[in-house]
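Have a look at run_0.csv below; it lists CSV, C-alpha atoms and all ligand atoms.
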```csv
chain,number,residue,atom,x,y,z
V,1,LYS,CA,-9.0,-36.1,-44.9
V,2,GLU,CA,-9.0,-32.7,-43.2
V,3,LYS,CA,-5.3,-33.0,-42.4
V,4,THR,CA,-4.7,-33.8,-46.1
V,5,THR,CA,-6.5,-30.7,-47.3
V,6,TYR,CA,-4.8,-28.5,-44.7
V,7,PHE,CA,-1.3,-29.5,-45.8
V,8,ARG,CA,-2.2,-29.8,-49.5
V,9,GLN,CA,-3.1,-26.0,-49.4
V,10,ALA,CA,0.4,-25.1,-48.3
V,11,ILE,CA,2.3,-27.3,-50.8
V,12,THR,CA,2.8,-26.0,-54.3
V,13,GLN,CA,3.0,-28.1,-57.4
V,14,THR,CA,5.3,-26.9,-60.2
V,15,PRO,CA,5.0,-28.8,-63.5
V,16,ASP,CA,8.2,-29.5,-65.5
V,17,PHE,CA,10.6,-28.8,-62.6
V,18,PRO,CA,13.4,-29.6,-62.3
V,19,LYS,CA,12.9,-31.1,-65.8
V,20,PRO,CA,10.1,-31.7,-68.3
V,21,GLY,CA,7.5,-34.3,-67.2
V,22,ILE,CA,8.2,-33.9,-63.4
V,23,VAL,CA,5.6,-32.2,-61.2
V,24,PHE,CA,7.7,-30.9,-58.3
V,25,GLU,CA,6.1,-30.8,-54.8
V,26,ASP,CA,7.5,-27.9,-52.9
V,27,ILE,CA,7.0,-28.3,-49.1
V,28,PHE,CA,9.0,-25.2,-48.1
V,29,PRO,CA,5.8,-23.0,-48.0
V,30,ILE,CA,4.7,-25.1,-44.9
V,31,PHE,CA,7.6,-23.5,-43.1
V,32,THR,CA,6.5,-19.9,-44.0
V,33,SER,CA,3.3,-20.5,-41.9
V,34,PRO,CA,3.8,-21.1,-38.2
V,35,PRO,CA,0.4,-22.8,-37.9
V,36,HIS,CA,1.2,-25.2,-40.7
V,37,HIS,CA,4.7,-25.8,-39.4
V,38,GLU,CA,3.3,-26.6,-35.9
V,39,ALA,CA,0.6,-28.9,-37.4
V,40,LEU,CA,3.2,-30.7,-39.4
V,41,ILE,CA,5.3,-31.5,-36.4
V,42,ARG,CA,2.2,-32.5,-34.4
V,43,ALA,CA,1.1,-34.8,-37.3
V,44,TYR,CA,4.5,-36.6,-37.2
V,45,GLU,CA,4.3,-36.8,-33.4
V,46,LEU,CA,0.8,-38.4,-33.5
V,47,GLN,CA,2.1,-40.9,-36.1
V,48,ILE,CA,5.0,-41.8,-33.8
V,49,LYS,CA,2.5,-42.3,-31.0
V,50,GLU,CA,0.4,-44.6,-33.2
V,51,LEU,CA,3.5,-46.8,-33.8
V,52,GLY,CA,2.9,-47.9,-30.2
V,53,VAL,CA,6.5,-48.6,-29.5
V,54,GLY,CA,7.3,-45.7,-27.2
V,55,THR,CA,9.8,-42.9,-27.9
V,56,PRO,CA,12.4,-43.7,-30.5
V,57,ASP,CA,16.1,-43.6,-29.4
V,58,VAL,CA,17.0,-42.0,-32.7
V,59,ILE,CA,15.3,-40.0,-35.4
V,60,VAL,CA,17.2,-40.1,-38.7
V,61,GLY,CA,16.6,-37.4,-41.2
V,62,LEU,CA,17.6,-37.7,-44.9
V,63,ASP,CA,19.7,-35.1,-46.7
V,64,ALA,CA,18.4,-32.4,-47.1
V,65,ARG,CA,14.7,-31.9,-46.4
V,66,GLY,CA,14.6,-34.5,-43.7
V,67,PHE,CA,16.7,-32.0,-41.8
V,68,LEU,CA,13.7,-29.6,-41.6
V,69,ILE,CA,11.6,-32.1,-39.7
V,70,GLY,CA,13.9,-34.5,-37.8
V,71,PRO,CA,15.7,-32.1,-35.4
V,72,THR,CA,12.5,-30.5,-34.1
V,73,LEU,CA,10.9,-33.9,-33.6
V,74,ALA,CA,14.0,-35.2,-31.8
V,75,LEU,CA,14.1,-32.2,-29.5
V,76,ARG,CA,10.4,-32.6,-28.6
V,77,ALA,CA,10.7,-36.3,-28.1
V,78,GLY,CA,14.0,-36.0,-26.1
V,79,CYS,CA,15.9,-38.3,-28.4
V,80,LYS,CA,18.9,-38.2,-30.7
V,81,PHE,CA,18.8,-36.7,-34.2
V,82,VAL,CA,21.2,-38.2,-36.7
V,83,PRO,CA,21.7,-37.1,-40.3
V,84,VAL,CA,22.1,-39.4,-43.3
V,85,ARG,CA,24.1,-37.4,-45.8
V,86,LYS,CA,25.2,-37.6,-49.4
V,87,ALA,CA,28.7,-39.0,-49.8
V,88,GLY,CA,31.6,-36.8,-49.0
V,89,LYS,CA,29.9,-34.5,-46.5
V,90,LEU,CA,30.5,-36.3,-43.1
V,91,PRO,CA,33.8,-36.8,-41.3
V,92,GLY,CA,35.0,-39.7,-39.2
V,93,LYS,CA,34.1,-43.4,-39.4
V,94,LEU,CA,31.2,-44.0,-41.7
V,95,GLU,CA,28.8,-46.7,-43.0
V,96,THR,CA,28.0,-46.1,-46.7
V,97,VAL,CA,25.6,-47.5,-49.2
V,98,THR,CA,25.2,-46.9,-52.9
V,99,TYR,CA,21.8,-46.8,-54.5
V,100,ASP,CA,20.4,-46.3,-58.0
V,101,LYS,CA,18.9,-43.0,-59.0
V,102,GLU,CA,17.1,-42.2,-62.2
V,103,TYR,CA,20.4,-41.3,-63.8
V,104,GLY,CA,23.3,-43.3,-62.4
V,105,ALA,CA,24.1,-44.2,-58.8
V,106,ASP,CA,24.4,-42.1,-55.6
V,107,SER,CA,25.9,-42.8,-52.2
V,108,PHE,CA,24.6,-42.1,-48.7
V,109,ALA,CA,26.6,-42.1,-45.5
V,110,ILE,CA,26.0,-42.2,-41.7
V,111,GLN,CA,28.4,-41.8,-38.8
V,112,THR,CA,28.9,-45.4,-37.5
V,113,ALA,CA,28.9,-44.3,-33.8
V,114,SER,CA,25.8,-42.2,-34.1
V,115,ILE,CA,23.5,-45.2,-33.7
V,116,LYS,CA,24.1,-47.8,-30.9
V,117,PRO,CA,23.3,-51.5,-31.5
V,118,SER,CA,19.6,-52.1,-30.7
V,119,ASP,CA,18.7,-48.4,-30.8
V,120,LYS,CA,15.1,-48.0,-32.0
V,121,VAL,CA,15.3,-45.8,-35.1
V,122,LEU,CA,12.7,-43.8,-37.1
V,123,VAL,CA,13.5,-42.4,-40.5
V,124,VAL,CA,11.9,-39.1,-41.7
V,125,ASP,CA,12.0,-37.3,-45.0
V,126,ASP,CA,9.6,-35.0,-46.9
V,127,LEU,CA,8.7,-37.2,-49.8
V,128,ILE,CA,8.9,-40.8,-51.0
V,129,ALA,CA,9.1,-41.2,-54.8
V,130,THR,CA,10.8,-44.5,-55.9
V,131,GLY,CA,11.8,-45.3,-52.3
V,132,GLY,CA,15.5,-45.7,-53.3
V,133,SER,CA,16.8,-43.1,-50.8
V,134,ALA,CA,14.6,-44.4,-48.0
V,135,LYS,CA,15.7,-48.0,-48.6
V,136,ALA,CA,19.4,-46.9,-48.6
V,137,ALA,CA,18.8,-45.1,-45.3
V,138,GLY,CA,17.2,-48.2,-43.8
V,139,GLU,CA,20.2,-50.2,-44.8
V,140,LEU,CA,22.6,-47.7,-43.1
V,141,VAL,CA,20.5,-48.0,-39.9
V,142,LYS,CA,20.8,-51.7,-40.0
V,143,LYS,CA,24.6,-51.6,-40.7
V,144,CYS,CA,25.0,-49.6,-37.5
V,145,GLY,CA,23.0,-52.3,-35.7
V,146,GLY,CA,19.9,-50.2,-35.2
V,147,GLN,CA,16.3,-51.5,-35.1
V,148,LEU,CA,14.3,-49.8,-37.8
V,149,LEU,CA,10.8,-48.8,-36.4
V,150,GLY,CA,9.5,-47.3,-39.7
V,151,TYR,CA,9.4,-44.3,-42.0
V,152,ILE,CA,7.3,-41.1,-42.0
V,153,PHE,CA,7.0,-38.8,-45.0
V,154,ILE,CA,4.8,-35.8,-45.7
V,155,ILE,CA,4.0,-36.9,-49.3
V,156,GLU,CA,3.9,-40.3,-51.1
V,157,LEU,CA,3.9,-40.4,-54.8
V,158,THR,CA,1.8,-43.6,-54.8
V,159,GLY,CA,2.2,-44.4,-58.5
V,160,LEU,CA,5.9,-45.2,-58.0
V,161,LYS,CA,5.2,-47.8,-55.4
V,162,GLY,CA,8.2,-46.8,-53.4
V,163,ARG,CA,6.8,-48.2,-50.1
V,164,ASP,CA,7.0,-51.7,-51.7
V,165,LYS,CA,10.8,-51.5,-51.5
V,166,LEU,CA,10.8,-50.9,-47.8
V,167,ASP,CA,10.7,-53.6,-45.1
V,168,ALA,CA,9.5,-51.5,-42.3
V,169,PRO,CA,6.1,-49.7,-41.8
V,170,VAL,CA,5.6,-46.6,-43.9
V,171,TYR,CA,3.4,-43.6,-42.9
V,172,THR,CA,2.5,-40.7,-45.1
V,173,LEU,CA,0.4,-37.6,-44.5
V,174,ILE,CA,-0.6,-36.9,-48.2
V,175,GLU,CA,-0.8,-39.1,-51.3
V,176,SER,CA,-0.1,-37.7,-54.7
V,177,GLN,CA,0.0,-39.4,-58.1
R,1,LIG,P1,13.2,-41.4,-54.0
R,1,LIG,O1,14.6,-41.8,-53.5
R,1,LIG,O2,12.1,-42.0,-53.2
R,1,LIG,O3,13.0,-41.7,-55.5
R,1,LIG,O4,13.2,-39.8,-53.9
R,1,LIG,C1,12.9,-39.2,-52.8
R,1,LIG,C2,13.9,-38.1,-52.5
R,1,LIG,O5,13.9,-37.2,-53.6
R,1,LIG,C3,13.5,-37.4,-51.2
R,1,LIG,O6,14.7,-37.1,-50.5
R,1,LIG,C4,12.9,-36.1,-51.7
R,1,LIG,O7,13.3,-35.0,-50.9
R,1,LIG,C5,13.4,-35.9,-53.2
R,1,LIG,N1,12.3,-35.6,-54.1
R,1,LIG,C6,11.9,-36.2,-55.2
R,1,LIG,N2,10.9,-35.6,-55.8
R,1,LIG,C7,10.5,-34.6,-55.0
R,1,LIG,C8,9.5,-33.5,-55.1
R,1,LIG,O8,8.7,-33.5,-56.0
R,1,LIG,N3,9.5,-32.6,-54.1
R,1,LIG,C9,10.3,-32.7,-53.1
R,1,LIG,N4,10.2,-31.8,-52.1
R,1,LIG,N5,11.3,-33.6,-53.0
R,1,LIG,C10,11.4,-34.5,-53.9
```
Mind turning the file's structure into structure tokens?
Amino acid sequence: KEKTTYFRQAITQTPDFPKPGIVFEDIFPIFTSPPHHEALIRAYELQIKELGVGTPDVIVGLDARGFLIGPTLALRAGCKFVPVRKAGKLPGKLETVTYDKEYGADSFAIQTASIKPSDKVLVVDDLIATGGSAKAAGELVKKCGGQLLGYIFIIELTGLKGRDKLDAPVYTLIESQ
């Protein structure tokens, strides 16, 4: 509860952005406050501890705001950070997956060699809405042979039931409608 209030104070909500009817949750202000930034990373670390499966081999961050959290966590845990990126951004041999967005489809890619078969993998991002991007990322991890430990997000838009799409444990710091 305290944790929720603490982070909620630093996250701004902007109605009708980027389009009418959407309330945009902006998590960037967390990173303008070193105490909030530190507490965020600590909160993710505690959540990883509570998974009870030891240190992950890989932390996967989703394009783009997962890149704000994943590398710091990986550095502190002493494990690999691996990006999942929108199509067309990564070189080399890739695994790709196409997923549905509100308007049309989008593609995600991961570098095949970045995850070794049986690596324990945790996926992080800032927010889960429909769960479409998280599900796609989970599929990429599995295509590489990785073992999906779960997902951690700052915010869950509970009304969209995104977590129901995912077949690994989902942890969130804040719930929003
Ligand atoms: P989903 O695939 O679950 O529908 O959407 C989640 C993705 O969209 C995440 O990568 C997240 O960064 C982005 N996203 C959707 N709505 C918001 C929002 O209100 N605030 C932020 N920061 N990201 C959002």
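In this comparison, which uses only C-alpha atoms and all ligand atoms, the residue of V:Thr72, V:Ser118, V:Ser133, V:Thr172 approaching ligand LIG 1 (chain R) most closely is V:Ser133.
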Original post:
Which residues, written as a list in words, have at least one atom at most 9 Å from segment 17-33 of chain V, with all atoms listed in the file counted and residues fewer than 3 positions away on the same chain left out?
Top reply: Phe7, Ala10, Ile11, Thr12, Gln13, Thr14, His36, His37, Glu38, Leu40, Arg65, Leu68, Asp126, Leu127, Ile154 and Ile155 of chain V
Keeping only C-alpha atoms, write those residues as a PDB file, in the coordinates of the input.
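Okay, again-v1.pdb is ready:
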```pdb
ATOM      1  CA  PHE V   7      -1.300 -29.500 -45.800  1.00  0.00           C
ATOM      2  CA  ALA V  10       0.400 -25.100 -48.300  1.00  0.00           C
ATOM      3  CA  ILE V  11       2.300 -27.300 -50.800  1.00  0.00           C
ATOM      4  CA  THR V  12       2.800 -26.000 -54.300  1.00  0.00           C
ATOM      5  CA  GLN V  13       3.000 -28.100 -57.400  1.00  0.00           C
ATOM      6  CA  THR V  14       5.300 -26.900 -60.200  1.00  0.00           C
ATOM      7  CA  HIS V  36       1.200 -25.200 -40.700  1.00  0.00           C
ATOM      8  CA  HIS V  37       4.700 -25.800 -39.400  1.00  0.00           C
ATOM      9  CA  GLU V  38       3.300 -26.600 -35.900  1.00  0.00           C
ATOM     10  CA  LEU V  40       3.200 -30.700 -39.400  1.00  0.00           C
ATOM     11  CA  ARG V  65      14.700 -31.900 -46.400  1.00  0.00           C
ATOM     12  CA  LEU V  68      13.700 -29.600 -41.600  1.00  0.00           C
ATOM     13  CA  ASP V 126       9.600 -35.000 -46.900  1.00  0.00           C
ATOM     14  CA  LEU V 127       8.700 -37.200 -49.800  1.00  0.00           C
ATOM     15  CA  ILE V 154       4.800 -35.800 -45.700  1.00  0.00           C
ATOM     16  CA  ILE V 155       4.000 -36.900 -49.300  1.00  0.00           C
TER      17      ILE V 155
END
```
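Across the structure, atom CA of Ala74 of chain V and atom CA of Asp57 of chain V are spaced 9.0 Å apart.
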Original post:
Pick the closest to Val53 of chain V from V:Leu148, V:Ala137, V:Val97, V:Ala109: which is it, counting all atoms listed in the file?
Top reply: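 Under the stated criterion, the closest residue is V:Leu148.
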**OP:** Would you list the contacts of segment 157-169 of chain V as number ranges by chain, taking every protein, DNA or RNA residue within 10 Å and counting all atoms listed in the file, but skipping same-chain residues closer than 6 positions in sequence?
**Re:** V: 25, 51, 122, 127-136, 138-139, 147-151, 175-177
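Shortest atom-to-atom contact with ligand LIG 1 (chain R) among V:Asp119, V:Glu95, V:Glu50, V:Asp16: V:Asp16, counting only C-alpha atoms and all ligand atoms.
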Subject >> Closest of V:Tyr6, V:Phe153, V:Tyr44, V:Phe81 to ligand LIG 1 (chain R) - atom-to-atom distances counting only C-alpha atoms and all ligand atoms >> reply: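 Going through V:Tyr6, V:Phe153, V:Tyr44, V:Phe81 one by one, the smallest distance to ligand LIG 1 (chain R) is for V:Phe153.
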**OP:** Could you check which of V:Ile152, V:Gln111, V:Lys49, V:Lys93 is closest to ligand LIG 1 (chain R), using all atoms listed in the file?
**Re:** V:Ile152
Subject >> Among the residues V:Gly146, V:Pro56, V:Gly61, V:Pro71, the one that comes closest to Val123 of chain V [using only C-alpha atoms] >> reply: V:Gly61
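Residues surrounding Ala87 of chain V within 12 Å are Asp63, Pro83, Pro91, Leu94, Glu95, Thr96, Val97, Thr98, Tyr99, Ala105, Asp106, Ser107, Phe108, Ala109, Ile110 and Gln111 of chain V [all atoms listed in the file; sequence separation below 4 positions excluded].
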**OP:** Could you check how far atom O2 of ligand LIG 1 (chain R) sits from atom CA of Thr55 of chain V, in Å to one decimal?
**Re:** 25.4 Å
Quick test: take segment 102-129 of chain V, keep N, CA and C atoms, and write it as a tab-separated table (two decimals), in the first residue's frame.
```tsv
chain	number	residue	atom	x	y	z
V	102	GLU	N	-3.98	-2.45	-31.26
V	102	GLU	CA	-5.33	-1.88	-31.42
V	102	GLU	C	-5.65	-1.64	-32.89
V	103	TYR	N	-4.67	-1.06	-33.60
V	103	TYR	CA	-4.84	-0.85	-35.04
V	103	TYR	C	-3.78	-1.65	-35.78
V	104	GLY	N	-4.16	-2.80	-36.32
V	104	GLY	CA	-3.24	-3.60	-37.12
V	104	GLY	C	-2.25	-4.39	-36.28
V	105	ALA	N	-1.27	-4.96	-36.97
V	105	ALA	CA	-0.31	-5.85	-36.32
V	105	ALA	C	1.05	-5.17	-36.17
V	106	ASP	N	1.85	-5.70	-35.24
V	106	ASP	CA	3.20	-5.21	-35.04
V	106	ASP	C	4.09	-6.44	-34.88
V	107	SER	N	5.40	-6.25	-35.08
V	107	SER	CA	6.33	-7.37	-34.92
V	107	SER	C	7.41	-7.05	-33.92
V	108	PHE	N	7.79	-8.05	-33.16
V	108	PHE	CA	8.88	-7.97	-32.19
V	108	PHE	C	9.97	-8.94	-32.61
V	109	ALA	N	11.21	-8.61	-32.27
V	109	ALA	CA	12.33	-9.50	-32.60
V	109	ALA	C	13.31	-9.59	-31.43
V	110	ILE	N	14.02	-10.73	-31.39
V	110	ILE	CA	15.08	-10.93	-30.40
V	110	ILE	C	16.23	-11.62	-31.13
V	111	GLN	N	17.46	-11.37	-30.70
V	111	GLN	CA	18.59	-12.04	-31.32
V	111	GLN	C	18.66	-13.48	-30.80
V	112	THR	N	18.60	-14.44	-31.72
V	112	THR	CA	18.47	-15.86	-31.36
V	112	THR	C	19.54	-16.31	-30.35
V	113	ALA	N	20.77	-15.88	-30.57
V	113	ALA	CA	21.87	-16.37	-29.73
V	113	ALA	C	21.94	-15.69	-28.36
V	114	SER	N	21.08	-14.69	-28.15
V	114	SER	CA	21.18	-13.93	-26.89
V	114	SER	C	20.65	-14.72	-25.70
V	115	ILE	N	19.82	-15.73	-25.96
V	115	ILE	CA	19.31	-16.59	-24.90
V	115	ILE	C	19.72	-18.03	-25.22
V	116	LYS	N	20.34	-18.68	-24.24
V	116	LYS	CA	20.76	-20.07	-24.44
V	116	LYS	C	19.62	-20.99	-23.99
V	117	PRO	N	19.47	-22.15	-24.64
V	117	PRO	CA	18.45	-23.10	-24.22
V	117	PRO	C	18.56	-23.36	-22.71
V	118	SER	N	17.41	-23.34	-22.06
V	118	SER	CA	17.26	-23.56	-20.61
V	118	SER	C	17.68	-22.37	-19.74
V	119	ASP	N	18.08	-21.24	-20.34
V	119	ASP	CA	18.30	-20.02	-19.54
V	119	ASP	C	17.00	-19.66	-18.83
V	120	LYS	N	17.12	-19.23	-17.56
V	120	LYS	CA	15.95	-18.75	-16.81
V	120	LYS	C	15.78	-17.27	-17.12
V	121	VAL	N	14.61	-16.90	-17.65
V	121	VAL	CA	14.42	-15.56	-18.20
V	121	VAL	C	13.26	-14.83	-17.52
V	122	LEU	N	13.53	-13.59	-17.14
V	122	LEU	CA	12.50	-12.72	-16.57
V	122	LEU	C	12.26	-11.58	-17.55
V	123	VAL	N	10.99	-11.25	-17.80
V	123	VAL	CA	10.65	-10.17	-18.73
V	123	VAL	C	10.18	-8.95	-17.94
V	124	VAL	N	10.74	-7.77	-18.26
V	124	VAL	CA	10.31	-6.54	-17.57
V	124	VAL	C	9.87	-5.48	-18.57
V	125	ASP	N	8.87	-4.71	-18.14
V	125	ASP	CA	8.41	-3.55	-18.90
V	125	ASP	C	7.79	-2.57	-17.91
V	126	ASP	N	7.36	-1.40	-18.41
V	126	ASP	CA	6.79	-0.42	-17.48
V	126	ASP	C	5.32	-0.68	-17.20
V	127	LEU	N	4.57	-1.13	-18.22
V	127	LEU	CA	3.12	-1.18	-18.06
V	127	LEU	C	2.53	-2.33	-18.86
V	128	ILE	N	1.54	-3.02	-18.27
V	128	ILE	CA	0.80	-4.02	-19.04
V	128	ILE	C	-0.62	-3.50	-19.26
V	129	ALA	N	-0.98	-3.42	-20.53
V	129	ALA	CA	-2.32	-2.99	-20.92
V	129	ALA	C	-3.07	-4.24	-21.40
```
